[in-house]
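**Q** The structure's right below; bear with me while I get my questions together.
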Amino acid sequence: MANTFAILGGQWGDEGKGKFVDWAAKYFDISARATGGNNAGHTVYIGEEKHIFHLIPSAITWKNVDCLLGNGMVIDPLILLKEIDTLEKRGYTVDNLYLSGRAHVIFLHHKMLDHYKERKRGKKKLGTTGRGISPTYADKCYYSGIRINDLFDKKVLSEKISTHIWDKFGSFKKLHEDDNETIIEILLRTIPEDKFFDKYREKVLALDNKVDFKTLTEVFTEMYLSVGKRIKSRVIDTTQRLELASMDNQNILLEGAQGLILDVDHGNYPHTTSSNSSYGGLITGLGIHKIDEVYSILKAYISRVGGGPFPTELFDETGDYLRDAGKEFGSTTGRPRRCGWHDAVLTRHVALINGKKVIISKLDILSGLKKLKICNSYKYTGTKRVFNGEVYFPGKIIKDFPADSPLFEYCSPHEWIEMDGWDEDITGCKTFEELPLAAQNYLKKIEEIGNVEISLVGIGPEREQTIVMPGRWNLEVKQESVVSFVEEPRERVEATSKIKAVIYDMDNTLVDTDGFVINHLRRTAQLVGQEITFRIPIDEEIRRVQKMNLPFEEIFVKLFPDPENHFHEESL
């Protein structure tokens, strides 16, 4: 049975999605991104080698995983080509990379518009990455966007670029009152300082500080047509590809970008990104109709880049320690991240929007701190306001996240949960039980007050530095076979009897939590039921039998009567 899993950011982004997506990719056939653009940054460590991806899914280094860029993304094709070039020079194949023709294109003038918008805001800057994300999404909603498919038709592309040039560059000259030299200077600044981009920089330099709309249209059309030729072979209908993969019982991994608190609807608007970085964005951004499991990544502490409210931010030596020890500098911008204590108010919001399953990253960074804190509620200190039908007044205690910056900026920590830290190096731990007791208690407290269930714990940057919580990261056995995985390349091992395999697997997991046993029994019954017709018990029946404390064989017989004698000893 195919599985579609999603890994999303649960805070302000930078939670470590790249590491966990890369680690999890060994279980999957496809990895896909749905939203955002190269404002995202994913860092992956493979041995001593460090990879930073902005557009390409983190699973690209797995040879047998097809990586898709979905229709909900905004793609800077110049950056995409640079990432492809970098990977190829490191010896990786990118034959497994595909992108949707319906994704919208970020042009140089979109990045210029980002610059002008921030300049106009003055002291009220939002802290945008300047990557042209918001202006591109704005064009999409204004029905004037240019999509990847348009890069292959000179007439269509030229007409659309001409409209953009007259609109954007016209405003640069008239609305912002910049002269030609200044406009060209800002345009040149949108091209990264890297030899790879020199040929594009030369085309702009050839304009010789002349902002002539016709010439600009010709230059941009030629530039992006040439880019289109280089990526044309990678363009597919990603929605159809995902549907076919699901029908073919392939496992699909959905990779989120940014984090929930940056979601344009559910984050602290307007200090957000321009797309839905939550569960819902995956549905529209890839055109899929089913997701089996959703995991949100939360740092053991919190960080964020850019402006905006941050109630648990630390301005002392502890904040500096978290930044330095956690290497908290933006992989996209290089900007130092603001750091603070874990926030259970945000964690409860994650459970509300994305579901309760979470992954904790960077627990190892807290080693050496004598005391740890978790914020459990806020106190509102602003003026009286009404938001979502609720009255906010000075002194109001808030336990639910207010998705509105004018409210959020007047929220300060009210209740702190203080806990003991630990001194031990935990980067070599293999199981939850090997963690120091204080670390175990810290994780349990996050679960308790955050209303979440922790599935994985990151204790270092490398793939293998991941603790799997018993019974909480489980891919169903595929219909055709039981699959065994090694790191690279991936290998499939056919089982002689899938019924035998799932029963043995279930037997090995009965020591785990009751909730997991119920889920596993139900999934096992559904899987076996594809071959043998019998009634699948309801949860209450499973719980009732569990309470009898019977041996495994008797549990199975009571739950799944076998009148046709399918499960006699010889058949197993």
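Residue numbers start at 1 in each chain; chains themselves are named A, B, ... in the order of the structure tokens; ligands are numbered from 1 in the order shown.
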Find the residues around Leu205 (chain A) up to 10 Å (only C-alpha atoms counted), leave out those fewer than 5 positions away in its own chain, and share them as a PDB file with N, CA and C atoms, in the first residue's frame.
**A**
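Result file follows (out29.pdb):
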ATOM      1  N   ILE A 184      19.456  50.554 -13.224  1.00  0.00           N
ATOM      2  CA  ILE A 184      20.342  49.504 -13.752  1.00  0.00           C
ATOM      3  C   ILE A 184      21.237  48.967 -12.644  1.00  0.00           C
ATOM      4  N   GLU A 185      21.665  49.845 -11.753  1.00  0.00           N
ATOM      5  CA  GLU A 185      22.501  49.412 -10.624  1.00  0.00           C
ATOM      6  C   GLU A 185      21.733  48.425  -9.740  1.00  0.00           C
ATOM      7  N   LEU A 187      19.176  46.613 -10.726  1.00  0.00           N
ATOM      8  CA  LEU A 187      18.977  45.421 -11.548  1.00  0.00           C
ATOM      9  C   LEU A 187      20.198  44.508 -11.482  1.00  0.00           C
ATOM     10  N   LEU A 188      21.379  45.080 -11.569  1.00  0.00           N
ATOM     11  CA  LEU A 188      22.616  44.290 -11.502  1.00  0.00           C
ATOM     12  C   LEU A 188      22.761  43.612 -10.141  1.00  0.00           C
ATOM     13  N   LYS A 199      27.374  35.535 -17.598  1.00  0.00           N
ATOM     14  CA  LYS A 199      26.804  35.741 -18.941  1.00  0.00           C
ATOM     15  C   LYS A 199      25.500  36.535 -18.883  1.00  0.00           C
ATOM     16  N   TYR A 200      24.743  36.381 -17.783  1.00  0.00           N
ATOM     17  CA  TYR A 200      23.510  37.148 -17.632  1.00  0.00           C
ATOM     18  C   TYR A 200      23.829  38.583 -17.208  1.00  0.00           C
ATOM     19  N   LYS A 210      20.859  52.373 -19.947  1.00  0.00           N
ATOM     20  CA  LYS A 210      19.687  52.887 -20.668  1.00  0.00           C
ATOM     21  C   LYS A 210      18.481  52.017 -20.359  1.00  0.00           C
TER      22      LYS A 210
END
**Q** When you look at Met419 (chain A) with a cut-off of 8 Å (counting only C-alpha atoms), what residues show up, excluding the ones that are within fewer than 2 positions of it in the same chain? I need them as a ChimeraX atom specification.
**A** /A:371-373,417,421,438,442
**Q** Which of these residues is nearest to Met223 (chain A), using only C-alpha atoms: A:Pro77, A:Gly395, A:Pro270, A:Gly18?
**A**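 Among the listed residues, the smallest separation from Met223 (chain A) belongs to A:Pro77.
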**Q** Excluding Ala439 (chain A) and its own-chain neighbours fewer than 5 positions away, which residues fall within 10 Å of it when counting only C-alpha atoms? Please give them as an MDAnalysis selection string.
**A** chainID A and resid 363:364 366:367 419:424 426 432:434 444:445
**Q** Next, the residues of the selection above should be written as an mmCIF file, in the first residue's frame with C-alpha atoms.
**A**
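Wrote it out as out28.cif, contents follow:
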data_model
loop_
_atom_site.group_PDB
_atom_site.id
_atom_site.type_symbol
_atom_site.label_atom_id
_atom_site.label_comp_id
_atom_site.auth_asym_id
_atom_site.auth_seq_id
_atom_site.Cartn_x
_atom_site.Cartn_y
_atom_site.Cartn_z
ATOM 1 C CA LEU A 363 18.204 18.588 20.901
ATOM 2 C CA ASP A 364 21.993 18.196 21.124
ATOM 3 C CA LEU A 366 20.903 22.231 24.551
ATOM 4 C CA SER A 367 23.603 20.002 26.085
ATOM 5 C CA MET A 419 13.495 22.299 33.829
ATOM 6 C CA ASP A 420 16.910 20.870 34.589
ATOM 7 C CA GLY A 421 19.400 20.638 31.731
ATOM 8 C CA TRP A 422 22.077 18.022 31.111
ATOM 9 C CA ASP A 423 25.833 18.018 30.517
ATOM 10 C CA GLU A 424 26.227 14.770 28.564
ATOM 11 C CA ILE A 426 24.021 13.008 23.305
ATOM 12 C CA PHE A 432 15.299 7.418 23.563
ATOM 13 C CA GLU A 433 16.316 5.372 26.608
ATOM 14 C CA GLU A 434 19.996 6.241 26.061
ATOM 15 C CA LYS A 444 7.987 14.515 27.546
ATOM 16 C CA LYS A 445 7.152 18.019 28.787
#
**Q** Applying 9 Å and only C-alpha atoms, which residues near Ala300 (chain A) remain after dropping the ones on its own chain fewer than 6 positions away? List them as a list in words.
**A**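 Final neighbour list, sorted by chain and number: Trp341, His342, Ile360, Ser361, Lys362, Leu363, Asp364, Ile365, Leu366, Leu443 and Ile446 of chain A.
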**Q** List as number ranges by chain the protein and nucleic acid residues near region 402-414 of chain A, meaning an atom at most 7 Å away when only C-alpha atoms are counted, but skip any in the same chain fewer than 3 places from it.
**A** A: 266-271, 309, 311-312, 375, 377-382
**Q** Take the residues that were just selected and, keeping N, CA and C atoms, output them as a compact mmCIF listing (two decimals), in the first residue's frame.
**A**
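Once written, again.txt looks like this:
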# COMPACT_ATOMS: atom_id res chain seq x y z
N HIS A 266 -2.13 31.33 8.44
CA HIS A 266 -2.10 30.84 9.82
C HIS A 266 -0.90 31.34 10.61
N GLY A 267 -0.05 32.18 10.02
CA GLY A 267 1.11 32.71 10.70
C GLY A 267 0.86 34.10 11.27
N ASN A 268 1.94 34.76 11.74
CA ASN A 268 1.75 36.09 12.34
C ASN A 268 1.81 37.15 11.24
N TYR A 269 0.72 37.18 10.47
CA TYR A 269 0.55 38.12 9.35
C TYR A 269 0.66 39.57 9.84
N PRO A 270 1.34 40.49 9.11
CA PRO A 270 1.95 40.30 7.79
C PRO A 270 3.41 39.87 7.79
N HIS A 271 3.94 39.48 8.94
CA HIS A 271 5.33 39.02 8.99
C HIS A 271 5.38 37.54 8.59
N PRO A 309 7.53 39.97 15.67
CA PRO A 309 7.49 39.60 17.09
C PRO A 309 8.11 38.22 17.35
N PRO A 311 8.26 36.36 21.11
CA PRO A 311 8.12 36.50 22.56
C PRO A 311 9.23 35.88 23.38
N THR A 312 9.75 34.71 22.98
CA THR A 312 10.74 34.01 23.83
C THR A 312 12.18 34.30 23.42
N CYS A 375 8.02 28.27 27.30
CA CYS A 375 6.94 29.24 27.52
C CYS A 375 5.60 28.53 27.33
N SER A 377 2.42 30.23 28.17
CA SER A 377 1.34 31.19 27.92
C SER A 377 1.93 32.59 27.80
N TYR A 378 1.14 33.51 27.22
CA TYR A 378 1.54 34.90 27.06
C TYR A 378 0.64 35.80 27.92
N LYS A 379 1.15 37.02 28.14
CA LYS A 379 0.32 38.09 28.69
C LYS A 379 0.25 39.20 27.65
N TYR A 380 -0.96 39.66 27.36
CA TYR A 380 -1.15 40.72 26.37
C TYR A 380 -0.97 42.08 27.03
N THR A 381 -0.15 42.94 26.43
CA THR A 381 0.16 44.25 27.02
C THR A 381 -0.26 45.42 26.13
N GLY A 382 -0.95 45.12 25.04
CA GLY A 382 -1.35 46.18 24.12
C GLY A 382 -2.67 46.82 24.50
**Q** Counting only C-alpha atoms, figure out which residue out of A:Asp85, A:Ile165, A:Gly91, A:Gly428 gets nearest to Met112 (chain A).
**A** A:Ile165
**Q** Got a sec: who's within 10 Å of Phe169 (chain A), counting only C-alpha atoms, leaving out chain neighbours fewer than 4 positions off, as a PDB file with C-alpha atoms, in the first residue's frame?
**A**
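Once everything was written out, this is part15.pdb:
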ATOM      1  CA  HIS A 109      12.456  42.593 -12.036  1.00  0.00           C
ATOM      2  CA  MET A 112      13.964  44.569  -7.928  1.00  0.00           C
ATOM      3  CA  LEU A 113      10.363  45.111  -6.854  1.00  0.00           C
ATOM      4  CA  HIS A 164       5.889  43.364 -17.040  1.00  0.00           C
ATOM      5  CA  ILE A 165       8.611  45.751 -18.232  1.00  0.00           C
ATOM      6  CA  LYS A 173      11.061  55.550 -12.885  1.00  0.00           C
ATOM      7  CA  LYS A 174       7.844  57.389 -12.064  1.00  0.00           C
ATOM      8  CA  LEU A 175       6.617  56.164  -8.695  1.00  0.00           C
ATOM      9  CA  HIS A 176      10.034  55.770  -7.077  1.00  0.00           C
ATOM     10  CA  ASP A 178      14.919  56.755  -9.743  1.00  0.00           C
ATOM     11  CA  ASN A 180      18.280  55.161 -15.311  1.00  0.00           C
ATOM     12  CA  ILE A 183      17.650  51.416 -11.833  1.00  0.00           C
ATOM     13  CA  VAL A 211      16.246  51.887 -19.429  1.00  0.00           C
ATOM     14  CA  ASP A 212      14.631  51.458 -22.831  1.00  0.00           C
ATOM     15  CA  PHE A 213      11.506  49.303 -22.496  1.00  0.00           C
ATOM     16  CA  LEU A 216      14.780  45.466 -21.990  1.00  0.00           C
TER      17      LEU A 216
END
**Q** Which one of A:Ile398, A:Ala257, A:Ile84, A:Leu225 sits closest to Ile161 (chain A) if you count only C-alpha atoms?
**A**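 Using only C-alpha atoms, Ile161 (chain A) sits closest to A:Leu225.
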**Q** Determine the nearest neighbour of Thr217 (chain A) from the options A:Lys154, A:Lys111, A:Arg201, A:Arg189, counting only C-alpha atoms.
**A**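 Among the listed residues, A:Lys154 lies closest to Thr217 (chain A).
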**Q** For the strand (DSSP E or B) assignment from backbone DSSP, which residues of region 17-139 of chain A qualify? Please present them as a list in words.
**A**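 Matching residues, listed in order: Ile30, Ser31, Ala32, Arg33, Gly36, His42, Thr43, Val44, Tyr45, Ile46, Glu49, Lys50, His51, Ile52, Phe53, Asp66, Cys67, Leu68, Leu69, Met73, Val74, Ile75, Leu97, Tyr98, Leu99, Ser100, His104 and Val105 of chain A.
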**Q** Just write the chosen residues, N, CA and C atoms, as a compact mmCIF listing (two decimals), in the first residue's frame.
**A**
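Below you can see again_5.txt, which holds the result:
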# COMPACT_ATOMS: atom_id res chain seq x y z
N ILE A 30 9.46 9.06 -4.31
CA ILE A 30 9.32 10.42 -4.84
C ILE A 30 9.41 11.40 -3.67
N SER A 31 10.09 12.53 -3.89
CA SER A 31 10.11 13.64 -2.94
C SER A 31 9.66 14.88 -3.70
N ALA A 32 8.71 15.63 -3.12
CA ALA A 32 8.14 16.76 -3.85
C ALA A 32 8.00 17.99 -2.97
N ARG A 33 8.26 19.15 -3.57
CA ARG A 33 8.01 20.44 -2.92
C ARG A 33 6.76 21.06 -3.51
N GLY A 36 6.54 28.01 -2.08
CA GLY A 36 7.74 28.80 -1.85
C GLY A 36 8.70 28.75 -3.02
N HIS A 42 17.73 24.61 2.60
CA HIS A 42 17.81 23.31 3.27
C HIS A 42 19.26 22.86 3.29
N THR A 43 19.76 22.57 4.47
CA THR A 43 21.15 22.13 4.61
C THR A 43 21.18 20.64 4.90
N VAL A 44 21.97 19.90 4.11
CA VAL A 44 22.07 18.45 4.25
C VAL A 44 23.55 18.09 4.40
N TYR A 45 23.88 17.28 5.41
CA TYR A 45 25.24 16.78 5.59
C TYR A 45 25.28 15.31 5.20
N ILE A 46 26.20 14.97 4.27
CA ILE A 46 26.42 13.58 3.89
C ILE A 46 27.89 13.30 4.16
N GLU A 49 30.54 16.10 3.77
CA GLU A 49 30.12 17.00 2.70
C GLU A 49 28.83 17.74 3.09
N LYS A 50 28.82 19.04 2.91
CA LYS A 50 27.68 19.88 3.24
C LYS A 50 27.01 20.36 1.96
N HIS A 51 25.69 20.19 1.88
CA HIS A 51 24.93 20.63 0.71
C HIS A 51 23.86 21.63 1.16
N ILE A 52 23.76 22.74 0.47
CA ILE A 52 22.70 23.71 0.74
C ILE A 52 21.83 23.82 -0.51
N PHE A 53 20.56 23.49 -0.35
CA PHE A 53 19.61 23.58 -1.45
C PHE A 53 18.60 24.69 -1.18
N ASP A 66 12.77 10.24 -7.23
CA ASP A 66 12.44 11.31 -8.17
C ASP A 66 12.05 12.56 -7.39
N CYS A 67 12.64 13.70 -7.72
CA CYS A 67 12.38 14.95 -7.02
C CYS A 67 11.55 15.88 -7.89
N LEU A 68 10.44 16.36 -7.35
CA LEU A 68 9.50 17.19 -8.10
C LEU A 68 9.37 18.58 -7.49
N LEU A 69 9.30 19.59 -8.35
CA LEU A 69 8.98 20.96 -7.95
C LEU A 69 7.56 21.23 -8.43
N MET A 73 4.85 26.32 -6.50
CA MET A 73 6.10 27.01 -6.24
C MET A 73 6.28 28.22 -7.15
N VAL A 74 7.19 29.10 -6.77
CA VAL A 74 7.68 30.16 -7.66
C VAL A 74 9.17 29.89 -7.84
N ILE A 75 9.59 29.78 -9.09
CA ILE A 75 10.93 29.26 -9.39
C ILE A 75 11.78 30.30 -10.11
N LEU A 97 15.32 14.90 -11.44
CA LEU A 97 14.69 16.18 -11.09
C LEU A 97 13.68 16.59 -12.16
N TYR A 98 12.46 16.93 -11.73
CA TYR A 98 11.39 17.35 -12.64
C TYR A 98 10.66 18.54 -12.02
N LEU A 99 10.06 19.38 -12.88
CA LEU A 99 9.31 20.52 -12.38
C LEU A 99 8.02 20.72 -13.15
N SER A 100 7.07 21.31 -12.48
CA SER A 100 5.76 21.57 -13.08
C SER A 100 5.83 22.75 -14.04
N HIS A 104 5.15 29.26 -11.33
CA HIS A 104 5.40 30.61 -11.82
C HIS A 104 6.88 30.97 -11.74
N VAL A 105 7.31 31.84 -12.64
CA VAL A 105 8.73 32.18 -12.81
C VAL A 105 9.06 33.49 -12.10
**Q** Of the candidates A:Glu293, A:Glu159, A:Asp265, A:Asp316, which shows the shortest atom-to-atom distance to Asn251 (chain A), using only C-alpha atoms?
**A**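 So, comparing all the options, the nearest one is A:Glu293.
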